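Report on the following structure.
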Amino acid sequence: DGATLIAGAPAAAVPSFSSGEAYVWRIAAPTLAYCTAKTNSVGCVPSIGSSGVASASSAAPFQVSVSQVLNQKLGLAFYGYAPAAAPYQGGFLCVQPPTRRMPSVSSGGSPTGSDCSGSCSYDFNAWIQGGGDPALVPGADLFVQFWYRDPASPGTTGLSDALRTQIQS
């Protein structure tokens with residue numbers, strides 16, 4: 001699968017007896033943004049990002065966030081186990097169904113008017129370790145996208161680009 005590196009090191013050879021050591025490393029796939037975000041009704045392009053490492057055991061957070069979303073709107077992250085790029089309400093669904101939804105959150109930002117000062121964030125390690133989804137285990141690929149309300153946009157929705165990562169032990 002391209003994620004395993006194996007190396008060998010021979011030791012001194014004695015007639016009819018060979019010895020040495022083998023080393024095996026599992027190389028984690030990098031966390032990457034992919035797909036195309038939908039430009040929102042005030043002209044901004046939402047952007048997904050992350051900090052930390054997705055882990056089934058680390059106490060450190062794995063924050064997945066989106067910026068440049070409309071202020072004071074409800075939104076949520078949804079995720080699945082494969083990528084997609086399917087046209088949807090003027091944007092793209094970047095996560096292959098079936099998908100799971102995270103709890104909705106407010107984007108915050110400026111208290112009045114309509115601008116792109118909103119953002120949303122989730123600690124996926126808390127979700128993974130809390131048992132929210134038994135399929136989120138070490139080695140599993142995780143694909144995440146944000147959806148939020150955009151009343152003046154076609155379909156009244158906003159969509160970010162997406163993020164791909166792999167859960168570590």
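Naming works like this for the structure tokens: A, B, ... for the chains as they're shown, residue 1 at the start of each chain, ligands 1 onward in shown order.
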Practice prompt. Give the helix (DSSP H, G or I) residues of segment 70-146 of chain A, as DSSP finds them on the backbone, and put them as an MDAnalysis selection string.
Written response: chainID A and resid 124:129
Restricted to C-alpha atoms, what would the selected residues look like written as an mmCIF file, in the first residue's frame?
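Okay, result_20.cif is ready:
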```
data_model
loop_
_atom_site.group_PDB
_atom_site.id
_atom_site.type_symbol
_atom_site.label_atom_id
_atom_site.label_comp_id
_atom_site.auth_asym_id
_atom_site.auth_seq_id
_atom_site.Cartn_x
_atom_site.Cartn_y
_atom_site.Cartn_z
ATOM 1 C CA PHE A 124 -11.558 15.023 16.508
ATOM 2 C CA ASN A 125 -9.321 13.186 19.001
ATOM 3 C CA ALA A 126 -11.941 13.763 21.698
ATOM 4 C CA TRP A 127 -14.569 12.322 19.322
ATOM 5 C CA ILE A 128 -12.374 9.356 18.324
ATOM 6 C CA GLN A 129 -11.388 8.493 21.899
#
```
Worksheet item: Excluding same-chain residues fewer than 3 positions from segment 47-63 of chain A, what lies within 10 Å of it counting only C-alpha atoms, as a VMD selection string?
Response: chain A and resid 30 to 34 36 to 38 44 66 to 69 119 to 131 136 to 139 141 to 142 144 to 146 159 to 163 165 to 169
Discussion item. Residues of segment 19-146 of chain A classed as strand (DSSP E) by DSSP on the backbone are to be reported as a VMD selection string.
Written reply: chain A and resid 20 to 26 32 to 34 47 to 51 63 to 69 74 to 80 83 to 88 91 to 95 100 to 101 105 to 106 118 to 123 141 to 146
Item to complete: Just the residues within 6 Å of segment 104-110 of chain A, please, counting only C-alpha atoms, with nothing from its chain fewer than 4 positions along; format it as a PyMOL selection string.
Response: chain A and resi 71-76+117-120
Within 9 Å of Gly155 of chain A, counting only C-alpha atoms, which residues show up once you throw out same-chain ones fewer than 3 positions away? Write them as a compact mmCIF listing (two decimals) with C-alpha atoms, in the first residue's frame, please.
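Written out: out20.txt:
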```
# COMPACT_ATOMS: atom_id res chain seq x y z
CA TYR A 88 -24.15 19.75 -4.83
CA GLN A 89 -26.13 23.01 -4.54
CA GLY A 90 -23.55 25.08 -6.41
CA ASP A 150 -25.72 30.64 3.79
CA PRO A 151 -29.28 31.93 3.23
CA ALA A 152 -28.37 34.07 0.18
CA GLY A 158 -22.01 26.82 2.27
```
Worksheet, complete the sentence: Of A:Pro10, A:Leu70, A:Gly80, A:Leu5, the one nearest to Asn40 of chain A when counting only C-alpha atoms is A:Leu70
Item to complete: Please indicate the distance in Å from atom CA of Gly132 of chain A to atom CA of Ala28 of chain A, rounded to one decimal place.
Response: 22.8 Å
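Of the residues listed (A:Val64, A:Met102, A:Val45, A:Cys35), A:Cys35 shows the shortest atom-to-atom separation from Ala85 of chain A; distances use only C-alpha atoms.
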